[in-house]
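Shown next: entry.pdb, given as PDB, C-alpha atoms and all ligand atoms.
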```pdb
ATOM      1  CA  MET P 822       6.510 -12.238   5.098  1.00  0.00           C
ATOM      2  CA  ILE P 823       5.454  -8.594   5.217  1.00  0.00           C
ATOM      3  CA  VAL P 824       3.985  -6.799   2.212  1.00  0.00           C
ATOM      4  CA  THR P 825       3.388  -3.058   2.534  1.00  0.00           C
ATOM      5  CA  LEU P 826       0.921  -1.227   0.334  1.00  0.00           C
ATOM      6  CA  ASP P 827       1.090   2.545   0.528  1.00  0.00           C
ATOM      7  CA  GLY P 828      -0.230   5.333  -1.628  1.00  0.00           C
ATOM      8  CA  PRO P 829      -2.759   8.131  -1.873  1.00  0.00           C
ATOM      9  CA  ALA P 830      -6.480   7.918  -1.188  1.00  0.00           C
ATOM     10  CA  GLY P 831      -8.501   6.567  -4.094  1.00  0.00           C
ATOM     11  CA  ALA P 832      -5.738   4.511  -5.726  1.00  0.00           C
ATOM     12  CA  GLY P 833      -7.631   1.335  -4.878  1.00  0.00           C
ATOM     13  CA  LYS P 834      -5.276   0.424  -2.028  1.00  0.00           C
ATOM     14  CA  SER P 835      -7.852  -0.897   0.425  1.00  0.00           C
ATOM     15  CA  SER P 836      -9.591  -3.214  -2.017  1.00  0.00           C
ATOM     16  CA  ALA P 837      -6.253  -4.365  -3.407  1.00  0.00           C
ATOM     17  CA  ALA P 838      -4.762  -5.021   0.048  1.00  0.00           C
ATOM     18  CA  ARG P 839      -7.879  -6.829   1.236  1.00  0.00           C
ATOM     19  CA  ALA P 840      -8.065  -8.945  -1.924  1.00  0.00           C
ATOM     20  CA  LEU P 841      -4.364  -9.785  -1.797  1.00  0.00           C
ATOM     21  CA  ALA P 842      -4.548 -10.854   1.848  1.00  0.00           C
ATOM     22  CA  ALA P 843      -7.632 -12.978   1.094  1.00  0.00           C
ATOM     23  CA  ARG P 844      -5.956 -14.608  -1.928  1.00  0.00           C
ATOM     24  CA  LEU P 845      -2.837 -15.468   0.080  1.00  0.00           C
ATOM     25  CA  GLY P 846      -4.701 -16.370   3.283  1.00  0.00           C
ATOM     26  CA  TRP P 847      -2.687 -13.712   5.128  1.00  0.00           C
ATOM     27  CA  TRP P 848      -3.585 -11.167   7.738  1.00  0.00           C
ATOM     28  CA  TYR P 849      -4.687  -7.700   6.559  1.00  0.00           C
ATOM     29  CA  MET P 850      -3.807  -4.639   8.611  1.00  0.00           C
ATOM     30  CA  ASP P 851      -5.688  -1.424   7.797  1.00  0.00           C
ATOM     31  CA  THR P 852      -3.564   1.262   9.447  1.00  0.00           C
ATOM     32  CA  GLY P 853      -5.871   4.081   8.330  1.00  0.00           C
ATOM     33  CA  ALA P 854      -8.566   2.407  10.436  1.00  0.00           C
ATOM     34  CA  MET P 855      -6.212   2.578  13.427  1.00  0.00           C
ATOM     35  CA  TYR P 856      -5.748   6.354  13.104  1.00  0.00           C
ATOM     36  CA  ARG P 857      -9.483   6.687  12.606  1.00  0.00           C
ATOM     37  CA  ALA P 858     -10.097   4.627  15.771  1.00  0.00           C
ATOM     38  CA  VAL P 859      -7.929   6.984  17.833  1.00  0.00           C
ATOM     39  CA  ALA P 860      -9.771   9.996  16.397  1.00  0.00           C
ATOM     40  CA  LEU P 861     -13.152   8.460  17.258  1.00  0.00           C
ATOM     41  CA  ALA P 862     -12.038   7.726  20.813  1.00  0.00           C
ATOM     42  CA  ALA P 863     -10.797  11.331  21.160  1.00  0.00           C
ATOM     43  CA  LEU P 864     -14.158  12.683  19.979  1.00  0.00           C
ATOM     44  CA  ASP P 865     -16.071  10.318  22.283  1.00  0.00           C
ATOM     45  CA  ARG P 866     -14.001  11.207  25.327  1.00  0.00           C
ATOM     46  CA  GLY P 867     -13.665  14.916  24.670  1.00  0.00           C
ATOM     47  CA  VAL P 868      -9.876  14.818  24.228  1.00  0.00           C
ATOM     48  CA  PRO P 869      -8.893  18.048  22.433  1.00  0.00           C
ATOM     49  CA  LEU P 870      -7.540  17.320  18.932  1.00  0.00           C
ATOM     50  CA  THR P 871      -4.961  20.058  19.524  1.00  0.00           C
ATOM     51  CA  ASP P 872      -3.372  18.324  22.518  1.00  0.00           C
ATOM     52  CA  GLY P 873      -0.781  15.958  21.039  1.00  0.00           C
ATOM     53  CA  GLY P 874       0.374  14.646  24.411  1.00  0.00           C
ATOM     54  CA  LEU P 875      -3.135  13.689  25.479  1.00  0.00           C
ATOM     55  CA  LEU P 876      -3.857  12.145  22.063  1.00  0.00           C
ATOM     56  CA  ALA P 877      -0.741   9.983  22.344  1.00  0.00           C
ATOM     57  CA  THR P 878      -1.666   8.906  25.889  1.00  0.00           C
ATOM     58  CA  LEU P 879      -5.144   8.051  24.643  1.00  0.00           C
ATOM     59  CA  ALA P 880      -3.712   6.090  21.675  1.00  0.00           C
ATOM     60  CA  GLU P 881      -1.521   4.119  24.050  1.00  0.00           C
ATOM     61  CA  SER P 882      -4.419   3.270  26.341  1.00  0.00           C
ATOM     62  CA  LEU P 883      -6.684   1.836  23.620  1.00  0.00           C
ATOM     63  CA  THR P 884      -6.962  -1.814  22.649  1.00  0.00           C
ATOM     64  CA  ILE P 885      -7.332  -1.796  18.868  1.00  0.00           C
ATOM     65  CA  GLU P 886      -8.081  -5.164  17.247  1.00  0.00           C
ATOM     66  CA  PHE P 887      -9.035  -6.505  13.830  1.00  0.00           C
ATOM     67  CA  ARG P 888     -11.392  -9.458  14.022  1.00  0.00           C
ATOM     68  CA  ASP P 889     -13.211 -11.087  11.085  1.00  0.00           C
ATOM     69  CA  GLY P 890     -12.840  -7.956   8.979  1.00  0.00           C
ATOM     70  CA  ARG P 891     -14.177  -5.717  11.767  1.00  0.00           C
ATOM     71  CA  VAL P 892     -12.337  -3.041  13.754  1.00  0.00           C
ATOM     72  CA  LEU P 893     -12.757  -3.181  17.525  1.00  0.00           C
ATOM     73  CA  VAL P 894     -11.731  -0.548  20.039  1.00  0.00           C
ATOM     74  CA  ASP P 895     -11.757  -1.707  23.639  1.00  0.00           C
ATOM     75  CA  GLY P 896     -14.026  -4.536  22.508  1.00  0.00           C
ATOM     76  CA  HIS P 897     -16.555  -2.296  20.698  1.00  0.00           C
ATOM     77  CA  ASP P 898     -17.145  -2.657  16.985  1.00  0.00           C
ATOM     78  CA  VAL P 899     -16.436   0.758  15.423  1.00  0.00           C
ATOM     79  CA  SER P 900     -16.127  -0.406  11.789  1.00  0.00           C
ATOM     80  CA  GLU P 901     -18.890   1.841  10.471  1.00  0.00           C
ATOM     81  CA  THR P 902     -18.508   4.830  12.798  1.00  0.00           C
ATOM     82  CA  ILE P 903     -14.845   5.356  11.884  1.00  0.00           C
ATOM     83  CA  ARG P 904     -15.853   5.914   8.224  1.00  0.00           C
ATOM     84  CA  THR P 905     -18.199   8.824   8.979  1.00  0.00           C
ATOM     85  CA  GLU P 906     -17.247  12.280   7.789  1.00  0.00           C
ATOM     86  CA  TRP P 907     -16.844  13.769  11.292  1.00  0.00           C
ATOM     87  CA  VAL P 908     -14.314  11.050  12.165  1.00  0.00           C
ATOM     88  CA  THR P 909     -12.515  11.424   8.804  1.00  0.00           C
ATOM     89  CA  VAL P 910     -12.053  15.137   9.492  1.00  0.00           C
ATOM     90  CA  ALA P 911     -10.855  14.529  13.070  1.00  0.00           C
ATOM     91  CA  THR P 912      -8.369  11.889  11.891  1.00  0.00           C
ATOM     92  CA  ARG P 913      -6.227  14.495  10.155  1.00  0.00           C
ATOM     93  CA  PRO P 914      -4.825  16.228  13.305  1.00  0.00           C
ATOM     94  CA  VAL P 915      -4.516  12.842  15.007  1.00  0.00           C
ATOM     95  CA  ALA P 916      -2.446  11.402  12.139  1.00  0.00           C
ATOM     96  CA  ASP P 917      -0.353  14.579  11.946  1.00  0.00           C
ATOM     97  CA  GLU P 918       0.754  14.252  15.574  1.00  0.00           C
ATOM     98  CA  PRO P 919       4.260  12.696  15.733  1.00  0.00           C
ATOM     99  CA  ARG P 920       3.691  11.276  19.243  1.00  0.00           C
ATOM    100  CA  VAL P 921       0.574   9.452  18.082  1.00  0.00           C
ATOM    101  CA  ARG P 922       2.485   8.132  15.056  1.00  0.00           C
ATOM    102  CA  GLU P 923       5.186   6.791  17.348  1.00  0.00           C
ATOM    103  CA  VAL P 924       2.608   4.876  19.406  1.00  0.00           C
ATOM    104  CA  MET P 925       0.951   3.554  16.224  1.00  0.00           C
ATOM    105  CA  LYS P 926       4.277   2.469  14.740  1.00  0.00           C
ATOM    106  CA  HIS P 927       5.042   0.258  17.748  1.00  0.00           C
ATOM    107  CA  LEU P 928       1.509  -1.099  17.859  1.00  0.00           C
ATOM    108  CA  GLN P 929       1.606  -1.933  14.134  1.00  0.00           C
ATOM    109  CA  ARG P 930       4.919  -3.749  14.557  1.00  0.00           C
ATOM    110  CA  ARG P 931       3.563  -5.691  17.542  1.00  0.00           C
ATOM    111  CA  LEU P 932       0.405  -6.694  15.668  1.00  0.00           C
ATOM    112  CA  ALA P 933       2.380  -7.860  12.619  1.00  0.00           C
ATOM    113  CA  ALA P 934       5.031  -9.775  14.564  1.00  0.00           C
ATOM    114  CA  GLY P 935       5.302 -13.420  13.572  1.00  0.00           C
ATOM    115  CA  ARG P 936       2.585 -13.205  10.919  1.00  0.00           C
ATOM    116  CA  ASP P 937       2.305 -13.142   7.157  1.00  0.00           C
ATOM    117  CA  VAL P 938       0.796  -9.691   6.677  1.00  0.00           C
ATOM    118  CA  VAL P 939      -0.435  -7.305   4.029  1.00  0.00           C
ATOM    119  CA  THR P 940      -0.346  -3.889   5.663  1.00  0.00           C
ATOM    120  CA  GLU P 941      -1.887  -0.838   4.073  1.00  0.00           C
ATOM    121  CA  GLY P 942      -1.373   2.865   4.767  1.00  0.00           C
ATOM    122  CA  ARG P 943       0.815   5.832   3.906  1.00  0.00           C
ATOM    123  CA  ASP P 944       4.073   5.115   5.748  1.00  0.00           C
ATOM    124  CA  GLN P 945       4.176   1.340   6.072  1.00  0.00           C
ATOM    125  CA  GLY P 946       7.096   0.790   3.700  1.00  0.00           C
ATOM    126  CA  SER P 947       8.925   4.048   4.390  1.00  0.00           C
ATOM    127  CA  VAL P 948       8.731   4.180   8.202  1.00  0.00           C
ATOM    128  CA  VAL P 949       7.013   1.295   9.966  1.00  0.00           C
ATOM    129  CA  PHE P 950       8.380  -1.750   8.118  1.00  0.00           C
ATOM    130  CA  PRO P 951      11.585  -0.601   6.410  1.00  0.00           C
ATOM    131  CA  GLY P 952      12.709  -4.232   6.180  1.00  0.00           C
ATOM    132  CA  ALA P 953       9.492  -5.514   4.525  1.00  0.00           C
ATOM    133  CA  ASP P 954      10.040  -8.200   1.875  1.00  0.00           C
ATOM    134  CA  LEU P 955       7.882  -6.361  -0.650  1.00  0.00           C
ATOM    135  CA  LYS P 956       6.899  -2.689  -0.656  1.00  0.00           C
ATOM    136  CA  VAL P 957       4.362  -1.488  -3.158  1.00  0.00           C
ATOM    137  CA  TYR P 958       3.370   2.108  -3.778  1.00  0.00           C
ATOM    138  CA  LEU P 959       0.006   2.043  -5.464  1.00  0.00           C
ATOM    139  CA  THR P 960      -1.069   5.138  -7.285  1.00  0.00           C
ATOM    140  CA  ALA P 961      -3.173   6.523 -10.108  1.00  0.00           C
ATOM    141  CA  CYS P 962      -3.510  10.010 -11.562  1.00  0.00           C
ATOM    142  CA  ALA P 963      -5.540  12.468  -9.474  1.00  0.00           C
ATOM    143  CA  GLU P 964      -8.398  12.652 -12.009  1.00  0.00           C
ATOM    144  CA  GLU P 965      -8.791   8.872 -12.178  1.00  0.00           C
ATOM    145  CA  ARG P 966      -8.775   8.575  -8.384  1.00  0.00           C
ATOM    146  CA  ALA P 967     -11.354  11.364  -8.063  1.00  0.00           C
ATOM    147  CA  ARG P 968     -13.580   9.737 -10.714  1.00  0.00           C
ATOM    148  CA  ARG P 969     -13.554   6.446  -8.773  1.00  0.00           C
ATOM    149  CA  ARG P 970     -14.294   8.188  -5.483  1.00  0.00           C
ATOM    150  CA  HIS P 971     -17.038  10.258  -7.103  1.00  0.00           C
ATOM    151  CA  ARG P 972     -18.723   7.096  -8.444  1.00  0.00           C
ATOM    152  CA  GLU P 973     -18.612   5.532  -4.960  1.00  0.00           C
ATOM    153  CA  GLU P 974     -20.007   8.672  -3.352  1.00  0.00           C
ATOM    154  CA  LEU P 975     -22.860   8.911  -5.888  1.00  0.00           C
ATOM    155  CA  ALA P 976     -23.710   5.274  -5.149  1.00  0.00           C
ATOM    156  CA  ARG P 977     -23.905   6.199  -1.456  1.00  0.00           C
ATOM    157  CA  GLY P 978     -26.369   8.978  -2.303  1.00  0.00           C
ATOM    158  CA  SER P 979     -23.966  11.949  -2.210  1.00  0.00           C
ATOM    159  CA  THR P 980     -24.671  14.918  -4.472  1.00  0.00           C
ATOM    160  CA  ALA P 981     -21.083  16.220  -4.523  1.00  0.00           C
ATOM    161  CA  SER P 982     -19.743  17.136  -7.952  1.00  0.00           C
ATOM    162  CA  LEU P 983     -16.624  15.592  -9.472  1.00  0.00           C
ATOM    163  CA  ALA P 984     -14.904  18.974  -9.056  1.00  0.00           C
ATOM    164  CA  ASP P 985     -15.733  18.975  -5.307  1.00  0.00           C
ATOM    165  CA  VAL P 986     -14.396  15.449  -4.924  1.00  0.00           C
ATOM    166  CA  LEU P 987     -11.182  16.327  -6.791  1.00  0.00           C
ATOM    167  CA  ALA P 988     -10.652  19.471  -4.707  1.00  0.00           C
ATOM    168  CA  ALA P 989     -11.159  17.551  -1.433  1.00  0.00           C
ATOM    169  CA  GLN P 990      -8.799  14.830  -2.652  1.00  0.00           C
ATOM    170  CA  ASN P 991      -6.112  17.382  -3.548  1.00  0.00           C
ATOM    171  CA  ARG P 992      -6.383  18.842  -0.042  1.00  0.00           C
ATOM    172  CA  ARG P 993      -6.025  15.346   1.478  1.00  0.00           C
ATOM    173  CA  ASP P 994      -3.044  14.520  -0.762  1.00  0.00           C
ATOM    174  CA  ASP P 995      -1.310  17.771   0.189  1.00  0.00           C
ATOM    175  CA  GLY P 996      -1.894  17.027   3.870  1.00  0.00           C
ATOM    176  CA  ASP P 997      -0.611  13.457   3.527  1.00  0.00           C
ATOM    177  CA  ARG P 998       2.505  14.539   1.631  1.00  0.00           C
ATOM    178  CA  GLY P 999       3.256  17.555   3.793  1.00  0.00           C
ATOM    179  CA  ARG P1000       3.062  15.821   7.181  1.00  0.00           C
ATOM    180  CA  PRO P1001       6.400  16.419   8.960  1.00  0.00           C
ATOM    181  CA  VAL P1002       6.509  12.852  10.350  1.00  0.00           C
ATOM    182  CA  GLY P1003       5.168   9.835   8.456  1.00  0.00           C
ATOM    183  CA  ALA P1004       4.588  11.747   5.233  1.00  0.00           C
ATOM    184  CA  MET P1005       3.127   9.746   2.379  1.00  0.00           C
ATOM    185  CA  ARG P1006       5.959   8.784   0.038  1.00  0.00           C
ATOM    186  CA  PRO P1007       7.233   5.670  -1.664  1.00  0.00           C
ATOM    187  CA  ALA P1008      10.051   3.913   0.176  1.00  0.00           C
ATOM    188  CA  ASP P1009      13.292   4.084  -1.833  1.00  0.00           C
ATOM    189  CA  ASP P1010      12.983   0.400  -2.687  1.00  0.00           C
ATOM    190  CA  ALA P1011       9.221   0.387  -3.317  1.00  0.00           C
ATOM    191  CA  VAL P1012       7.742  -0.997  -6.518  1.00  0.00           C
ATOM    192  CA  LEU P1013       5.521   1.658  -8.127  1.00  0.00           C
ATOM    193  CA  LEU P1014       2.243   0.297  -9.399  1.00  0.00           C
ATOM    194  CA  GLU P1015       0.131   2.712 -11.445  1.00  0.00           C
ATOM    195  CA  THR P1016      -3.456   1.517 -11.489  1.00  0.00           C
ATOM    196  CA  ASP P1017      -4.781   3.875 -14.201  1.00  0.00           C
ATOM    197  CA  GLY P1018      -6.791   1.797 -16.643  1.00  0.00           C
ATOM    198  CA  LEU P1019      -6.294  -1.437 -14.675  1.00  0.00           C
ATOM    199  CA  SER P1020      -9.254  -3.407 -13.343  1.00  0.00           C
ATOM    200  CA  PRO P1021      -9.168  -4.538  -9.680  1.00  0.00           C
ATOM    201  CA  GLU P1022      -8.513  -8.097 -10.937  1.00  0.00           C
ATOM    202  CA  GLU P1023      -5.521  -6.919 -12.992  1.00  0.00           C
ATOM    203  CA  VAL P1024      -4.127  -5.061  -9.981  1.00  0.00           C
ATOM    204  CA  LEU P1025      -4.542  -8.187  -7.849  1.00  0.00           C
ATOM    205  CA  ASP P1026      -2.820 -10.370 -10.476  1.00  0.00           C
ATOM    206  CA  ARG P1027       0.172  -8.018 -10.556  1.00  0.00           C
ATOM    207  CA  LEU P1028       0.403  -8.001  -6.782  1.00  0.00           C
ATOM    208  CA  VAL P1029       0.273 -11.794  -6.608  1.00  0.00           C
ATOM    209  CA  LEU P1030       3.123 -11.963  -9.134  1.00  0.00           C
ATOM    210  CA  LEU P1031       5.163  -9.427  -7.174  1.00  0.00           C
ATOM    211  CA  VAL P1032       4.701 -11.429  -3.975  1.00  0.00           C
ATOM    212  CA  ALA P1033       5.896 -14.593  -5.736  1.00  0.00           C
ATOM    213  CA  GLU P1034       8.987 -12.723  -7.006  1.00  0.00           C
ATOM    214  CA  HIS P1035       9.813 -11.254  -3.603  1.00  0.00           C
ATOM    215  CA  ARG P1036       9.288 -14.293  -1.387  1.00  0.00           C
ATOM    216  CA  PRO P1037      12.345 -14.622   0.845  1.00  0.00           C
TER     217      PRO P1037
HETATM  218  O1  LIG R1101      -6.633   5.349   4.474  1.00  0.00           O
HETATM  219  P1  LIG R1101      -7.611   6.120   5.310  1.00  0.00           P
HETATM  220  O2  LIG R1101      -8.389   7.146   4.547  1.00  0.00           O
HETATM  221  O3  LIG R1101      -8.512   5.243   6.131  1.00  0.00           O
HETATM  222  O4  LIG R1101      -6.716   6.928   6.340  1.00  0.00           O
HETATM  223  C1  LIG R1101      -7.296   7.735   7.331  1.00  0.00           C
HETATM  224  C2  LIG R1101      -6.323   8.841   7.719  1.00  0.00           C
HETATM  225  O5  LIG R1101      -5.185   8.298   8.366  1.00  0.00           O
HETATM  226  C3  LIG R1101      -5.818   9.699   6.563  1.00  0.00           C
HETATM  227  O6  LIG R1101      -5.847  11.033   7.009  1.00  0.00           O
HETATM  228  C4  LIG R1101      -4.395   9.248   6.373  1.00  0.00           C
HETATM  229  O7  LIG R1101      -3.569  10.301   5.989  1.00  0.00           O
HETATM  230  C5  LIG R1101      -3.998   8.762   7.747  1.00  0.00           C
HETATM  231  N1  LIG R1101      -3.061   7.652   7.698  1.00  0.00           N
HETATM  232  C6  LIG R1101      -1.775   7.878   8.078  1.00  0.00           C
HETATM  233  N2  LIG R1101      -0.877   6.851   8.088  1.00  0.00           N
HETATM  234  C7  LIG R1101      -1.236   5.620   7.735  1.00  0.00           C
HETATM  235  C8  LIG R1101      -2.566   5.373   7.323  1.00  0.00           C
HETATM  236  C9  LIG R1101      -3.462   6.429   7.306  1.00  0.00           C
HETATM  237  O8  LIG R1101      -1.422   9.008   8.419  1.00  0.00           O
HETATM  238  N3  LIG R1101      -0.340   4.635   7.761  1.00  0.00           N
END
```
Can you give me the file's structure in the form of structure tokens?
Amino acid sequence: MIVTLDGPAGAGKSSAARALAARLGWWYMDTGAMYRAVALAALDRGVPLTDGGLLATLAESLTIEFRDGRVLVDGHDVSETIRTEWVTVATRPVADEPRVREVMKHLQRRLAAGRDVVTEGRDQGSVVFPGADLKVYLTACAEERARRRHREELARGSTASLADVLAAQNRRDDGDRGRPVGAMRPADDAVLLETDGLSPEEVLDRLVLLVAEHRP
């Protein structure tokens, strides 16, 4: 069975997808990490972020694996490096490139084949797994998402204000929604789950119920 979890940054997607996969004993695929991995490899190897053809060739040449909750690229653990700000910024042009998205789509389908999977991203239900048994679009209002992100950033020692975090989030949302290929949007048959005011446990409970209802 395939469950897709899409939605904007800060809606609690990653924790929800991870927790759901753990609860069900299924595989968890973090597709944002895959785009980040390509961006990191491009930075490391000096591939220009403006050259879509070269980025796609690079994406095709990489071995991206998930092992024990870690992300490996060509056997190297990049789990922490892909979360750094310089990689986050470089991921944008990489994820905007249709040829890279095409490579990622096929890789994601190959990785999920024959498994019970919770896959998380922006386009998993709308583009990559249109036949998924359950598609969830997880969201929350912009202010709530920014408040959560701001709390996390403060805990990491950041001094950014809530207004800064909200402005950066709005820019990211606009970019995600405006992408010509693979734009963030709910699939037509997605279940919308608004997480405003819900605790992570409540979100998980709802997801578990949805999975039970949608089992083939
Ligand atoms: O979710 P995360 O922040 O790790 O995503 C990293 C980047 O990859 C974001 O810019 C996001 O728009 C992009 N992405 C994407 N398609 C996906 C998952 C992530 O374009 N399926």
Using only C-alpha atoms and all ligand atoms, the best pick from P:Gly873, P:Gly942, P:Pro919, P:Gly978 as closest to ligand LIG 1101 (chain R) would be P:Gly942
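Nearest to Tyr856 (chain P) of all the residues P:Val1024, P:Leu975, P:Ile885, P:Ala838 is P:Ile885, counting only C-alpha atoms.
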All residues 10 Å or closer to Val824 (chain P), all atoms listed in the file, same chain fewer than 6 positions away omitted, as a list in words
Ala838, Leu841, Ala842, Tyr849, Asp937, Val938, Val939, Thr940, Glu941, Gln945, Gly946, Phe950, Gly952, Ala953, Asp954, Leu955, Lys956, Val957, Leu1028, Leu1031, Val1032, His1035 and Arg1036 of chain P
All residues having an atom within 9 Å of ligand LIG 1101 (chain R) (only C-alpha atoms and all ligand atoms) as JSON, numbers by chain:
{"P": [827, 828, 829, 830, 831, 834, 835, 851, 852, 853, 854, 855, 856, 857, 903, 904, 909, 910, 911, 912, 913, 914, 915, 916, 917, 922, 925, 926, 940, 941, 942, 943, 944, 945, 949, 993, 994, 996, 997, 998, 1000, 1003, 1004, 1005]}
Picked residues, the PyMOL selection byres (((chain P and resi 959) around 9) and not hetatm), expected as a PyMOL selection string
chain P and resi 826-829+832-834+957-958+960-961+1007+1012-1016
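Counting only C-alpha atoms, the residue from P:Val921, P:Leu870, P:Ala862, P:Ala934 that sits nearest to Asp895 (chain P) is P:Ala862.
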What is the distance, in Å and to one decimal place, between CA of Asp1017 (chain P) and CA of Ala963 (chain P)?
9.8 Å
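Atom pair CA of Arg992 (chain P) / CA of Arg1006 (chain P): separated by 15.9 Å.
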Report, in Å to a single decimal, how far apart CA of Met822 (chain P) and CA of Val859 (chain P) are.
27.2 Å
Expected answer as a list in words: all residues with atoms within 12 Å of (-13.9, -6.6, -8.1), all atoms listed in the file:
Gly833, Ser835, Ser836, Ala837, Arg839, Ala840, Leu841, Leu1019, Ser1020, Pro1021, Glu1022, Glu1023, Val1024, Leu1025 and Asp1026 of chain P
What does the file look like for those residues with C-alpha atoms, as a PDB file, in the frame of the given file?
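What ended up in result-v4.pdb:
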```
ATOM      1  CA  GLY P 833      -7.631   1.335  -4.878  1.00  0.00           C
ATOM      2  CA  SER P 835      -7.852  -0.897   0.425  1.00  0.00           C
ATOM      3  CA  SER P 836      -9.591  -3.214  -2.017  1.00  0.00           C
ATOM      4  CA  ALA P 837      -6.253  -4.365  -3.407  1.00  0.00           C
ATOM      5  CA  ARG P 839      -7.879  -6.829   1.236  1.00  0.00           C
ATOM      6  CA  ALA P 840      -8.065  -8.945  -1.924  1.00  0.00           C
ATOM      7  CA  LEU P 841      -4.364  -9.785  -1.797  1.00  0.00           C
ATOM      8  CA  LEU P1019      -6.294  -1.437 -14.675  1.00  0.00           C
ATOM      9  CA  SER P1020      -9.254  -3.407 -13.343  1.00  0.00           C
ATOM     10  CA  PRO P1021      -9.168  -4.538  -9.680  1.00  0.00           C
ATOM     11  CA  GLU P1022      -8.513  -8.097 -10.937  1.00  0.00           C
ATOM     12  CA  GLU P1023      -5.521  -6.919 -12.992  1.00  0.00           C
ATOM     13  CA  VAL P1024      -4.127  -5.061  -9.981  1.00  0.00           C
ATOM     14  CA  LEU P1025      -4.542  -8.187  -7.849  1.00  0.00           C
ATOM     15  CA  ASP P1026      -2.820 -10.370 -10.476  1.00  0.00           C
TER      16      ASP P1026
END
```
Given the PyMOL selection byres (((chain P and resi 902) around 12) and not hetatm) and the file above, list the residues it selects as a ChimeraX atom specification.
/P:854,857-862,864-865,891-894,897-901,903-909
Residues matched by the PyMOL selection byres (((chain P and resi 880) around 8) and not hetatm) as a list in words:
Val859, Leu876, Ala877, Thr878, Leu879, Glu881, Ser882, Leu883, Val921, Val924 and Met925 of chain P
